[in-house]
$ cat target-v8.txt   # compact mmCIF, C-alpha atoms and all ligand atoms
# COMPACT_ATOMS: atom_id res chain seq x y z
CA MET J 16 113.39 77.94 153.50
CA ASN J 17 110.52 76.03 154.98
CA ALA J 18 108.25 73.25 153.78
CA VAL J 19 104.96 75.13 154.35
CA ASP J 20 105.98 77.99 152.00
CA ILE J 21 107.00 75.45 149.38
CA ILE J 22 103.73 73.53 149.69
CA ASN J 23 101.76 76.77 149.39
CA LYS J 24 103.68 77.90 146.33
CA THR J 25 102.98 74.65 144.48
CA LYS J 26 99.36 74.69 145.69
CA ASN J 27 99.01 78.18 144.17
CA SER J 28 100.88 77.26 140.95
CA VAL J 29 103.83 79.54 141.77
CA PRO J 30 106.94 77.88 140.30
CA LEU J 31 109.65 76.83 142.76
CA THR J 32 113.27 77.81 142.27
CA ASP J 33 115.94 75.16 141.67
CA GLU J 34 117.27 75.91 145.15
CA GLU J 35 113.88 75.30 146.77
CA ILE J 36 113.49 71.96 144.98
CA LYS J 37 117.03 70.89 145.93
CA TRP J 38 116.38 71.87 149.53
CA LEU J 39 113.08 69.98 149.65
CA VAL J 40 114.54 66.76 148.22
CA ARG J 41 117.70 66.93 150.33
CA SER J 42 115.80 67.70 153.54
CA TYR J 43 113.27 64.91 152.99
CA THR J 44 115.97 62.36 152.12
CA ASN J 45 117.87 63.33 155.28
CA ASP J 46 114.74 62.93 157.45
CA GLU J 47 114.61 66.68 158.18
CA ILE J 48 111.09 67.03 156.73
CA PRO J 49 108.32 64.71 157.98
CA ASP J 50 106.29 62.43 155.72
CA TYR J 51 103.13 64.50 156.20
CA GLN J 52 104.70 67.64 154.73
CA MET J 53 106.25 65.79 151.79
CA SER J 54 102.89 64.06 151.20
CA ALA J 55 101.14 67.43 151.12
CA TRP J 56 103.64 68.73 148.56
CA LEU J 57 103.31 65.57 146.41
CA MET J 58 99.51 65.93 146.47
CA ALA J 59 99.86 69.60 145.44
CA VAL J 60 101.99 68.43 142.49
CA CYS J 61 99.33 65.87 141.54
CA MET J 62 96.70 68.62 141.53
CA LYS J 63 98.65 71.54 140.04
CA GLY J 64 101.55 69.91 138.13
CA LEU J 65 105.08 71.24 137.73
CA THR J 66 106.68 73.27 134.95
CA GLU J 67 109.32 71.60 132.74
CA GLU J 68 112.02 73.57 134.55
CA GLU J 69 110.74 72.37 137.93
CA THR J 70 110.55 68.78 136.65
CA LEU J 71 114.15 69.00 135.44
CA ALA J 72 115.27 70.45 138.79
CA LEU J 73 113.41 67.66 140.66
CA THR J 74 115.00 65.03 138.39
CA TYR J 75 118.50 66.42 139.02
CA ALA J 76 117.92 66.76 142.77
CA MET J 77 116.83 63.09 143.00
CA ARG J 78 119.66 61.91 140.71
CA ASP J 79 122.21 63.77 142.86
CA SER J 80 120.88 62.24 146.10
CA GLY J 81 123.14 59.20 145.53
CA ASP J 82 125.86 57.76 143.35
CA ILE J 83 126.15 58.36 139.62
CA LEU J 84 127.50 55.33 137.80
CA GLN J 85 130.73 55.78 135.84
CA LEU J 86 131.27 52.60 133.81
CA ASP J 87 134.68 51.94 132.35
CA VAL J 88 133.29 50.83 128.95
CA PRO J 89 132.74 52.67 125.64
CA MET J 90 129.36 54.22 124.76
CA THR J 91 126.48 52.46 126.50
CA ALA J 92 122.76 52.28 125.77
CA ASP J 93 119.81 51.57 128.00
CA LYS J 94 116.16 50.86 127.33
CA HIS J 95 113.47 51.55 129.87
CA SER J 96 109.87 50.39 129.78
CA THR J 97 107.37 52.13 132.02
CA GLY J 98 106.06 48.69 132.92
CA GLY J 99 103.51 46.30 131.58
CA VAL J 100 102.22 42.76 131.52
CA GLY J 101 104.26 40.09 129.76
CA ASP J 102 106.96 42.63 128.94
CA LYS J 103 110.01 40.48 128.21
CA THR J 104 111.37 42.87 125.57
CA THR J 105 114.68 43.52 127.39
CA LEU J 106 115.58 39.82 127.05
CA ILE J 107 115.29 40.14 123.26
CA ILE J 108 116.32 43.75 122.59
CA GLY J 109 119.39 43.58 124.87
CA PRO J 110 121.10 40.68 123.06
CA ALA J 111 119.91 41.90 119.62
CA ALA J 112 121.35 45.42 120.09
CA ALA J 113 124.50 43.93 121.64
CA ALA J 114 124.99 41.68 118.61
CA ALA J 115 124.75 44.78 116.41
CA GLY J 116 127.62 46.39 118.33
CA VAL J 117 125.92 48.48 121.03
CA CYS J 118 126.88 47.99 124.66
CA MET J 119 123.63 47.35 126.56
CA ALA J 120 124.31 48.04 130.25
CA LYS J 121 121.09 47.62 132.19
CA MET J 122 120.17 48.06 135.81
CA SER J 123 116.65 46.69 136.22
CA GLY J 124 114.05 46.30 138.91
CA ARG J 125 111.87 43.58 140.35
CA GLY J 126 108.16 43.28 139.67
CA LEU J 127 105.59 44.77 142.02
CA GLY J 128 101.82 44.47 141.65
CA HIS J 129 100.49 43.38 138.26
CA THR J 130 103.66 44.27 136.30
CA GLY J 131 106.69 41.99 136.09
CA GLY J 132 110.35 42.91 136.50
CA THR J 133 113.31 41.88 134.35
CA ILE J 134 115.39 40.85 137.37
CA ASP J 135 112.76 38.31 138.48
CA LYS J 136 112.55 36.92 134.94
CA LEU J 137 116.34 36.45 134.77
CA GLU J 138 116.42 34.88 138.22
CA SER J 139 114.08 32.15 136.95
CA ILE J 140 117.21 30.85 135.17
CA SER J 141 118.86 28.50 137.65
CA GLY J 142 121.99 30.08 139.17
CA PHE J 143 121.67 33.45 137.40
CA ARG J 144 123.25 36.17 139.56
CA THR J 145 121.82 39.68 139.31
CA GLU J 146 123.91 41.23 142.07
CA LEU J 147 127.41 41.69 140.71
CA PRO J 148 130.33 43.89 141.72
CA MET J 149 130.79 46.77 139.25
CA GLU J 150 134.09 45.31 137.98
CA GLU J 151 132.34 42.07 137.02
CA PHE J 152 129.47 43.97 135.36
CA GLU J 153 132.04 45.91 133.30
CA ALA J 154 133.99 42.75 132.41
CA ILE J 155 130.82 41.06 131.11
CA LEU J 156 129.89 44.16 129.12
CA ARG J 157 133.37 44.20 127.57
CA GLU J 158 133.04 40.56 126.53
CA THR J 159 129.40 40.32 125.40
CA ASN J 160 128.05 43.90 125.17
CA PHE J 161 125.07 42.80 127.30
CA SER J 162 124.52 42.51 131.02
CA VAL J 163 121.62 43.14 133.38
CA ILE J 164 122.05 43.65 137.11
CA SER J 165 119.68 44.69 139.86
CA GLN J 166 119.70 48.26 140.99
CA SER J 167 122.20 48.20 143.80
CA GLY J 168 124.28 50.51 145.89
CA ASN J 169 123.25 54.02 146.55
CA ILE J 170 121.38 54.94 143.34
CA CYS J 171 118.72 57.63 143.87
CA PRO J 172 117.93 57.11 147.58
CA ALA J 173 115.59 60.13 147.32
CA ASP J 174 113.46 58.30 144.75
CA LYS J 175 113.31 55.16 146.93
CA LYS J 176 111.93 57.17 149.83
CA ILE J 177 109.61 59.38 147.78
CA TYR J 178 108.29 56.47 145.69
CA ALA J 179 107.36 54.51 148.82
CA LEU J 180 105.54 57.57 150.15
CA ARG J 181 103.74 58.10 146.81
CA ASN J 182 102.58 54.49 146.88
CA ALA J 183 101.08 55.01 150.33
CA THR J 184 99.48 58.40 149.63
CA GLY J 185 97.78 58.00 146.24
CA THR J 186 100.32 60.26 144.53
CA VAL J 187 101.81 57.88 141.96
CA ASP J 188 99.80 58.99 138.94
CA SER J 189 101.33 62.38 138.26
CA ILE J 190 103.19 62.86 134.98
CA PRO J 191 105.96 65.15 136.38
CA LEU J 192 106.47 62.85 139.40
CA ILE J 193 106.65 59.71 137.23
CA CYS J 194 108.99 61.50 134.83
CA ALA J 195 111.35 62.69 137.60
CA SER J 196 111.29 59.27 139.29
CA ILE J 197 112.18 57.33 136.13
CA MET J 198 114.60 59.88 134.67
CA SER J 199 116.53 60.42 137.90
CA LYS J 200 117.34 56.69 138.00
CA LYS J 201 118.16 56.59 134.30
CA LEU J 202 120.45 59.62 134.59
CA ALA J 203 122.14 58.11 137.65
CA THR J 204 122.87 54.91 135.74
CA ASN J 205 124.34 57.27 133.16
CA ALA J 206 123.98 55.50 129.78
CA ASP J 207 124.87 57.64 126.77
CA CYS J 208 121.81 56.56 124.74
CA LEU J 209 118.41 56.09 126.27
CA LEU J 210 115.31 54.58 124.68
CA LEU J 211 112.15 55.10 126.72
CA ASP J 212 109.25 52.78 125.95
CA VAL J 213 106.14 54.38 127.39
CA LYS J 214 103.42 51.76 127.67
CA CYS J 215 99.85 52.84 127.09
CA GLY J 216 96.61 51.00 127.76
CA SER J 217 94.80 48.79 130.25
CA GLY J 218 97.97 47.16 131.61
CA ALA J 219 99.98 50.38 131.94
CA PHE J 220 100.25 53.39 134.26
CA MET J 221 99.14 55.59 131.36
CA LYS J 222 95.67 54.48 130.30
CA THR J 223 95.17 56.91 127.39
CA HIS J 224 97.32 57.71 124.38
CA GLU J 225 97.18 61.41 125.23
CA GLU J 226 98.63 60.87 128.74
CA ALA J 227 101.28 58.46 127.44
CA GLN J 228 102.31 60.92 124.72
CA LYS J 229 102.61 63.70 127.30
CA LEU J 230 104.84 61.56 129.54
CA ALA J 231 106.92 60.41 126.55
CA MET J 232 107.52 63.96 125.31
CA LEU J 233 108.43 65.20 128.77
CA MET J 234 110.86 62.33 129.46
CA GLU J 235 112.52 62.74 126.06
CA LYS J 236 112.91 66.46 126.62
CA ILE J 237 114.37 65.98 130.10
CA GLY J 238 116.78 63.31 128.78
CA ASN J 239 117.96 65.57 125.97
CA MET J 240 118.26 68.59 128.32
CA ALA J 241 120.48 66.39 130.51
CA GLY J 242 122.77 65.78 127.53
CA LYS J 243 121.67 62.23 126.67
CA ARG J 244 120.78 60.89 123.23
CA CYS J 245 117.23 60.14 124.19
CA LYS J 246 114.11 58.98 122.38
CA ALA J 247 110.71 58.07 123.81
CA VAL J 248 108.12 55.97 122.00
CA VAL J 249 104.57 55.07 123.00
CA THR J 250 103.64 51.40 122.58
CA ASP J 251 100.45 49.47 123.20
CA MET J 252 99.71 47.70 126.49
CA ASN J 253 96.02 46.98 125.93
CA THR J 254 96.88 43.31 125.47
CA PRO J 255 99.74 41.50 127.20
CA LEU J 256 102.98 41.50 125.20
CA GLY J 257 103.30 38.18 123.42
CA LYS J 258 101.58 35.04 124.68
CA ASN J 259 103.29 34.28 127.99
CA ILE J 260 102.93 36.04 131.35
CA GLY J 261 105.10 34.92 134.28
CA ASN J 262 108.83 34.71 134.84
CA ALA J 263 110.11 31.39 133.40
CA LEU J 264 107.30 31.37 130.83
CA GLU J 265 108.48 34.76 129.57
CA VAL J 266 112.12 33.66 129.35
CA SER J 267 110.93 30.68 127.32
CA GLU J 268 109.01 32.93 124.91
CA ALA J 269 111.99 35.30 124.56
CA LEU J 270 114.20 32.30 123.72
CA GLU J 271 111.82 31.19 120.97
CA ILE J 272 112.25 34.61 119.37
CA LEU J 273 116.04 34.60 119.79
CA ARG J 274 116.11 31.12 118.22
CA GLY J 275 114.32 32.62 115.19
CA ASN J 276 111.23 30.44 115.66
CA ASP J 277 108.70 33.19 116.41
CA LYS J 278 108.27 36.10 113.98
CA GLY J 279 105.00 37.42 115.39
CA SER J 280 104.04 40.85 116.70
CA LEU J 281 106.36 40.67 119.75
CA TYR J 282 109.33 39.95 117.46
CA GLU J 283 108.35 42.92 115.24
CA LEU J 284 108.03 45.26 118.23
CA CYS J 285 111.40 44.17 119.61
CA MET J 286 113.09 44.64 116.24
CA GLN J 287 111.62 48.16 115.94
CA LEU J 288 112.79 49.10 119.44
CA THR J 289 116.23 47.61 118.79
CA ALA J 290 116.44 49.67 115.60
CA GLU J 291 115.62 52.84 117.59
CA ILE J 292 118.52 52.08 119.95
CA LEU J 293 120.90 51.48 117.04
CA VAL J 294 119.84 54.81 115.50
CA LEU J 295 120.56 56.60 118.81
CA ALA J 296 124.00 54.94 118.83
CA ASP J 297 124.69 56.27 115.30
CA LYS J 298 124.70 52.89 113.59
CA GLY J 299 122.80 54.10 110.53
CA SER J 300 119.37 55.13 109.22
CA TYR J 301 116.26 53.59 110.80
CA ASP J 302 115.82 51.16 107.89
CA GLU J 303 119.47 50.10 108.01
CA CYS J 304 119.21 49.62 111.77
CA LEU J 305 116.02 47.57 111.45
CA ALA J 306 117.81 45.27 108.99
CA MET J 307 120.76 44.99 111.44
CA ALA J 308 118.42 44.12 114.31
CA LYS J 309 116.79 41.35 112.28
CA GLU J 310 120.18 40.06 111.15
CA SER J 311 121.28 39.86 114.82
CA VAL J 312 118.48 37.37 115.42
CA SER J 313 118.50 35.46 112.11
CA SER J 314 122.28 34.93 112.27
CA GLY J 315 121.96 33.43 115.78
CA LYS J 316 124.37 36.07 117.15
CA ALA J 317 121.83 37.49 119.60
CA LEU J 318 121.15 34.01 121.04
CA GLU J 319 124.90 33.38 121.40
CA ILE J 320 125.28 36.66 123.29
CA PHE J 321 122.43 35.76 125.61
CA ARG J 322 123.99 32.31 126.16
CA ARG J 323 127.41 33.75 127.05
CA THR J 324 125.93 36.41 129.35
CA ILE J 325 123.93 33.73 131.17
CA GLU J 326 127.13 31.67 131.60
CA LEU J 327 129.10 34.66 132.86
CA GLN J 328 126.35 35.56 135.33
CA GLY J 329 126.37 32.00 136.68
CA GLY J 330 123.16 30.78 135.07
CA ASP J 331 122.34 27.48 133.39
CA ALA J 332 122.92 28.41 129.74
CA ARG J 333 121.61 25.02 128.54
CA ILE J 334 118.16 26.68 128.57
CA CYS J 335 119.19 28.36 125.31
CA ASP J 336 118.77 24.98 123.61
CA ASP J 337 116.25 23.39 125.95
CA SER J 338 113.57 25.54 127.59
CA SER J 339 112.32 22.55 129.59
CA LEU J 340 115.28 23.19 131.92
CA LEU J 341 113.49 26.34 133.13
CA PRO J 342 111.27 25.91 136.22
CA GLN J 343 108.18 23.88 135.30
CA ALA J 344 104.86 24.26 137.13
CA LYS J 345 103.52 21.34 139.16
CA TYR J 346 99.93 22.13 138.27
CA CYS J 347 98.19 23.50 135.21
CA TYR J 348 94.62 24.23 134.18
CA GLU J 349 93.20 24.79 130.72
CA VAL J 350 90.56 27.50 130.54
CA ARG J 351 88.21 26.41 127.77
CA ALA J 352 85.45 28.22 125.86
CA ALA J 353 82.04 27.20 127.23
CA ARG J 354 80.45 28.26 123.94
CA ASN J 355 81.40 29.85 120.62
CA MET J 356 82.78 33.32 121.19
CA ARG J 357 84.68 36.13 119.52
CA ILE J 358 87.35 37.81 121.67
CA LEU J 359 86.90 41.60 121.58
CA SER J 360 89.53 42.84 124.04
CA MET J 361 91.57 41.90 127.09
CA ASP J 362 92.19 43.67 130.36
CA SER J 363 95.98 43.29 130.67
CA GLN J 364 96.03 44.54 134.25
CA ALA J 365 93.49 41.90 135.29
CA LEU J 366 95.52 39.18 133.54
CA GLY J 367 98.65 40.49 135.31
CA MET J 368 96.81 40.27 138.65
CA THR J 369 95.64 36.72 137.86
CA SER J 370 99.23 35.74 137.10
CA LEU J 371 100.28 37.32 140.41
CA LEU J 372 97.65 35.27 142.26
CA LEU J 373 98.98 32.12 140.60
CA GLY J 374 102.27 32.93 142.34
CA ALA J 375 104.17 34.82 139.60
CA GLY J 376 104.21 38.22 141.30
CA ARG J 377 104.30 39.94 144.63
CA LEU J 378 101.87 42.21 146.42
CA SER J 379 104.50 43.43 148.85
CA LYS J 380 108.25 43.66 148.40
CA SER J 381 108.97 40.78 150.79
CA ASP J 382 106.71 38.22 149.02
CA THR J 383 108.50 35.29 147.40
CA ILE J 384 107.52 34.33 143.89
CA ASP J 385 106.89 31.08 142.10
CA MET J 386 109.12 31.26 139.01
CA SER J 387 107.09 28.60 137.18
CA ALA J 388 103.72 30.33 137.59
CA GLY J 389 101.82 32.33 135.01
CA ILE J 390 99.54 32.23 132.01
CA VAL J 391 99.96 31.19 128.39
CA MET J 392 97.39 32.94 126.22
CA ASN J 393 95.99 31.04 123.29
CA CYS J 394 93.93 33.85 121.82
CA ALA J 395 94.14 37.51 120.81
CA PRO J 396 91.51 40.21 120.25
CA GLY J 397 89.59 39.44 117.07
CA ASP J 398 90.01 35.65 117.39
CA CYS J 399 87.01 33.30 117.30
CA MET J 400 87.11 30.53 119.88
CA TYR J 401 84.78 27.57 119.58
CA GLU J 402 83.16 25.57 122.37
CA GLY J 403 85.83 23.44 124.04
CA ASP J 404 88.82 25.39 122.62
CA VAL J 405 91.60 26.20 125.10
CA ILE J 406 91.52 29.98 125.57
CA MET J 407 94.52 30.06 127.92
CA THR J 408 96.45 27.78 130.27
CA LEU J 409 97.15 28.70 133.89
CA TYR J 410 100.33 27.41 135.58
CA SER J 411 101.34 27.27 139.23
CA SER J 412 103.45 25.26 141.64
CA VAL J 413 101.80 26.77 144.71
CA ILE J 414 98.11 26.71 143.76
CA SER J 415 96.40 23.50 142.72
CA ASP J 416 92.80 24.74 142.95
CA PHE J 417 92.20 27.05 139.98
CA THR J 418 88.56 27.89 140.80
CA GLU J 419 89.15 31.56 141.60
CA THR J 420 91.95 32.27 139.13
CA SER J 421 90.13 30.71 136.17
CA VAL J 422 87.07 32.91 136.84
CA ARG J 423 89.29 35.98 137.12
CA ALA J 424 91.10 35.04 133.93
CA LEU J 425 87.85 34.70 131.98
CA ASP J 426 86.53 37.95 133.46
CA ALA J 427 89.60 39.69 132.01
CA LEU J 428 88.33 38.96 128.50
CA GLU J 429 85.62 40.88 126.72
CA TYR J 430 83.86 38.74 124.14
CA THR J 431 80.61 38.34 122.25
CA ASP J 432 78.79 35.08 121.84
CA MET J 433 78.62 33.62 118.36
CA PRO J 434 75.71 31.43 117.35
CA SER J 435 76.49 27.72 117.55
CA GLY J 436 77.05 26.30 114.11
CA SER J 437 78.90 29.47 113.06
CA GLU J 438 82.07 27.40 112.83
CA ASN J 439 80.78 25.71 109.69
N1 LIG R 1 108.26 53.67 137.61
C1 LIG R 1 109.08 54.41 138.38
O1 LIG R 1 110.26 54.10 138.55
N2 LIG R 1 108.58 55.52 138.97
C2 LIG R 1 107.30 55.92 138.82
O2 LIG R 1 106.91 56.93 139.36
C3 LIG R 1 106.45 55.13 138.02
C4 LIG R 1 106.97 54.00 137.42

$ encode --input "target-v8.txt" --output "structure tokens" --more "lines below"
Ligand code: URA
Amino acid sequence: MNAVDIINKTKNSVPLTDEEIKWLVRSYTNDEIPDYQMSAWLMAVCMKGLTEEETLALTYAMRDSGDILQLDVPMTADKHSTGGVGDKTTLIIGPAAAAAGVCMAKMSGRGLGHTGGTIDKLESISGFRTELPMEEFEAILRETNFSVISQSGNICPADKKIYALRNATGTVDSIPLICASIMSKKLATNADCLLLDVKCGSGAFMKTHEEAQKLAMLMEKIGNMAGKRCKAVVTDMNTPLGKNIGNALEVSEALEILRGNDKGSLYELCMQLTAEILVLADKGSYDECLAMAKESVSSGKALEIFRRTIELQGGDARICDDSSLLPQAKYCYEVRAARNMRILSMDSQALGMTSLLLGAGRLSKSDTIDMSAGIVMNCAPGDCMYEGDVIMTLYSSVISDFTETSVRALDALEYTDMPSGSEN
């Protein structure tokens, strides 16, 4: 076999055999194929696509490039979001599903670019350890049914190498490549039930519903072909999820929901996704599972699970009662309406980038982040804001001059002016 033949086949839409795909992935991971040939093949995939069979073979080849987790706990479930802005759903769904009797074993990533990562959010809790030996991860799962650790060890080394190359060669936005990248990691972490939350809209990889639906259907099919109980749903990412963007701010918002104090749209979405996980784990019909999810929160059980998991992972669990113990920003700035306006829409990606510039995210993997930084939104599409109203508040401990970030934040909103006096 040789790389040029394989590149030409994909370029000419001739399907590759499983053996060819295995050879390509193995040879690239072992440094036997140079970056320029792998880049050419990835670009051919972007242009010509892959069949479902090829995508499955690529997923398996990447999964098999490293370890496959074998946890010594009963049936486990995992939820994966394709990434968005303000997405703190794992912090709510994990404890809620755990309280309803499903073992939520999650390996999560850090944020990069405008999207956040669950590991960074959890590390905003003082002392919280995300790198645990497998035995400790299993012991926590046995006690609380919920633990999140960072992706460690030798999980999917092929994806690590290929993803870095895709980032540098403009070959990220290909549905089969995204599917194989995500599913190889999910299959290597080996949960029995898998809920895939495909985000769609301005803050997501998939900008249109059609693309998101395509990715969702492909990932669900690949998951089921690999023997998992797998469901993919498409959810909106045209506006940030909830009100808060930024690590500690998001933990604080998740806690308000777990305390039962916030029953807004983020709560509803989390309850629906929790119900989907419970259905996959055979806990009942969708309606029964939705009721169980809500009961997990209203009874306080989900909050107690989160508290115990924080304790076991070394974190300061007092935050469960007092969010002011989370990192607090040194500086803040209220962005106010200069005139009467109606908010039409928001560019989530631009708000995610503004939050990053405030210190909440990283542009490159080695950047350090300011856990206290971010944005609290005080408006949603459709809202009328009157002159002087606070539209959003920006927080940072590293930036005290908000001139640039406040302009960017306002530019992320689309609004129409309303005549003055319209408030009467
Ligand atoms: N997330 C991944 O892990 N891989 C992709 O290709 C895109 C998003």

$ residues_around --input "target-v8.txt" --residues "region 216-229 of chain J" --least-positions-apart "4" --cutoff "6 Å" --atoms "all atoms listed in the file" --output "list in words"
Gly99, Met252, Asn253, Asp362, Ser363 and Gln364 of chain J

$ residues_around --input "target-v8.txt" --residues "region 388-390 of chain J" --least-positions-apart "6" --cutoff "10 Å" --atoms "all atoms listed in the file" --output "short mmCIF file (atom, residue, chain, number, x, y, z; two decimals) with C-alpha atoms, in the coordinates of the input"
data_model
loop_
_atom_site.label_atom_id
_atom_site.label_comp_id
_atom_site.auth_asym_id
_atom_site.auth_seq_id
_atom_site.Cartn_x
_atom_site.Cartn_y
_atom_site.Cartn_z
CA GLY J 101 104.26 40.09 129.76
CA LYS J 258 101.58 35.04 124.68
CA ASN J 259 103.29 34.28 127.99
CA ILE J 260 102.93 36.04 131.35
CA GLY J 261 105.10 34.92 134.28
CA ASN J 262 108.83 34.71 134.84
CA ALA J 263 110.11 31.39 133.40
CA LEU J 264 107.30 31.37 130.83
CA GLU J 265 108.48 34.76 129.57
CA PRO J 342 111.27 25.91 136.22
CA GLN J 343 108.18 23.88 135.30
CA ALA J 344 104.86 24.26 137.13
CA LYS J 345 103.52 21.34 139.16
CA TYR J 346 99.93 22.13 138.27
CA CYS J 347 98.19 23.50 135.21
CA TYR J 348 94.62 24.23 134.18
CA GLU J 349 93.20 24.79 130.72
CA LEU J 366 95.52 39.18 133.54
CA GLY J 367 98.65 40.49 135.31
CA THR J 369 95.64 36.72 137.86
CA SER J 370 99.23 35.74 137.10
CA LEU J 371 100.28 37.32 140.41
CA LEU J 372 97.65 35.27 142.26
CA LEU J 373 98.98 32.12 140.60
CA GLY J 374 102.27 32.93 142.34
CA ALA J 375 104.17 34.82 139.60
CA GLY J 376 104.21 38.22 141.30
CA MET J 407 94.52 30.06 127.92
CA THR J 408 96.45 27.78 130.27
CA LEU J 409 97.15 28.70 133.89
CA TYR J 410 100.33 27.41 135.58
CA SER J 411 101.34 27.27 139.23
CA SER J 412 103.45 25.26 141.64
CA VAL J 413 101.80 26.77 144.71
CA ILE J 414 98.11 26.71 143.76
CA ALA J 424 91.10 35.04 133.93
#

$ residues_around --input "target-v8.txt" --residues "Leu106 (chain J)" --least-positions-apart "5" --cutoff "8 Å" --atoms "all atoms listed in the file" --output "number ranges by chain"
J: 133, 266, 269

$ closest_residue --input "target-v8.txt" --among "J:Thr254, J:Asn23, J:Asn239, J:Gln166" --to "ligand LIG 1 (chain R)" --atoms "all atoms listed in the file"
J:Gln166

$ atom_distance --input "target-v8.txt" --atom1 "CA of Ala173 (chain J)" --atom2 "CA of Met53 (chain J)"
11.8 Å

$ residues_around --input "target-v8.txt" --residues "region 90-98 of chain J" --least-positions-apart "6" --cutoff "6 Å" --atoms "all atoms listed in the file" --output "PyMOL selection string"
chain J and resi 118-119+121+206-214

$ atom_distance --input "target-v8.txt" --atom1 "CA of Ile140 (chain J)" --atom2 "CA of Asp331 (chain J)"
6.4 Å

$ residues_near_point --input "target-v8.txt" --point "(107.3, 73.1, 146.5)" --cutoff "9 Å" --atoms "only C-alpha atoms" --output "list in words"
Ala18, Val19, Asp20, Ile21, Ile22, Asn23, Lys24, Thr25, Lys26, Val29, Pro30, Leu31, Thr32, Glu35, Ile36, Leu39, Trp56, Leu57, Ala59 and Val60 of chain J

$ write_last_selection --input "target-v8.txt" --atoms "C-alpha atoms" --output "compact mmCIF listing (two decimals), in the coordinates of the input"
# COMPACT_ATOMS: atom_id res chain seq x y z
CA ALA J 18 108.25 73.25 153.78
CA VAL J 19 104.96 75.13 154.35
CA ASP J 20 105.98 77.99 152.00
CA ILE J 21 107.00 75.45 149.38
CA ILE J 22 103.73 73.53 149.69
CA ASN J 23 101.76 76.77 149.39
CA LYS J 24 103.68 77.90 146.33
CA THR J 25 102.98 74.65 144.48
CA LYS J 26 99.36 74.69 145.69
CA VAL J 29 103.83 79.54 141.77
CA PRO J 30 106.94 77.88 140.30
CA LEU J 31 109.65 76.83 142.76
CA THR J 32 113.27 77.81 142.27
CA GLU J 35 113.88 75.30 146.77
CA ILE J 36 113.49 71.96 144.98
CA LEU J 39 113.08 69.98 149.65
CA TRP J 56 103.64 68.73 148.56
CA LEU J 57 103.31 65.57 146.41
CA ALA J 59 99.86 69.60 145.44
CA VAL J 60 101.99 68.43 142.49

$ residues_near_ligand --input "target-v8.txt" --ligand "ligand LIG 1 (chain R)" --cutoff "10 Å" --atoms "only C-alpha atoms and all ligand atoms" --output "ChimeraX atom specification"
/J:95-98,124,174-175,177-179,181-182,186-201,219-221

$ residues_around --input "target-v8.txt" --residues "Glu158 (chain J)" --least-positions-apart "3" --cutoff "10 Å" --atoms "all atoms listed in the file" --output "mmCIF file with C-alpha atoms, keeping the file's coordinate frame"
data_model
loop_
_atom_site.group_PDB
_atom_site.id
_atom_site.type_symbol
_atom_site.label_atom_id
_atom_site.label_comp_id
_atom_site.auth_asym_id
_atom_site.auth_seq_id
_atom_site.Cartn_x
_atom_site.Cartn_y
_atom_site.Cartn_z
ATOM 1 C CA CYS J 118 126.880 47.990 124.660
ATOM 2 C CA GLU J 153 132.040 45.910 133.300
ATOM 3 C CA ALA J 154 133.990 42.750 132.410
ATOM 4 C CA ILE J 155 130.820 41.060 131.110
ATOM 5 C CA PHE J 161 125.070 42.800 127.300
ATOM 6 C CA SER J 162 124.520 42.510 131.020
ATOM 7 C CA ILE J 320 125.280 36.660 123.290
ATOM 8 C CA ARG J 323 127.410 33.750 127.050
ATOM 9 C CA THR J 324 125.930 36.410 129.350
ATOM 10 C CA LEU J 327 129.100 34.660 132.860
#

$ closest_residue --input "target-v8.txt" --among "J:Ala395, J:Ala115, J:Asp33, J:Thr418" --to "Leu293 (chain J)" --atoms "all atoms listed in the file"
J:Ala115

$ atom_distance --input "target-v8.txt" --atom1 "CA of Ala241 (chain J)" --atom2 "CA of Thr74 (chain J)"
9.7 Å

$ axis_aligned_box --input "target-v8.txt" --around "region 396-400 of chain J" --padding-each-side "6 Å" --output "AutoDock Vina command-line options"
--center_x 89.3 --center_y 35.4 --center_z 118.7 --size_x 16.5 --size_y 21.7 --size_z 15.2

$ closest_residue --input "target-v8.txt" --among "J:Ile83, J:Leu428, J:Leu359, J:Ala114" --to "Asn169 (chain J)" --atoms "all atoms listed in the file"
J:Ile83

$ closest_residue --input "target-v8.txt" --among "J:Met77, J:Met307, J:Ile237, J:Ile334" --to "Pro172 (chain J)" --atoms "only C-alpha atoms"
J:Met77

$ closest_residue --input "target-v8.txt" --among "J:Ala308, J:Met58, J:Val350, J:Ser339" --to "Ala183 (chain J)" --atoms "all atoms listed in the file"
J:Met58
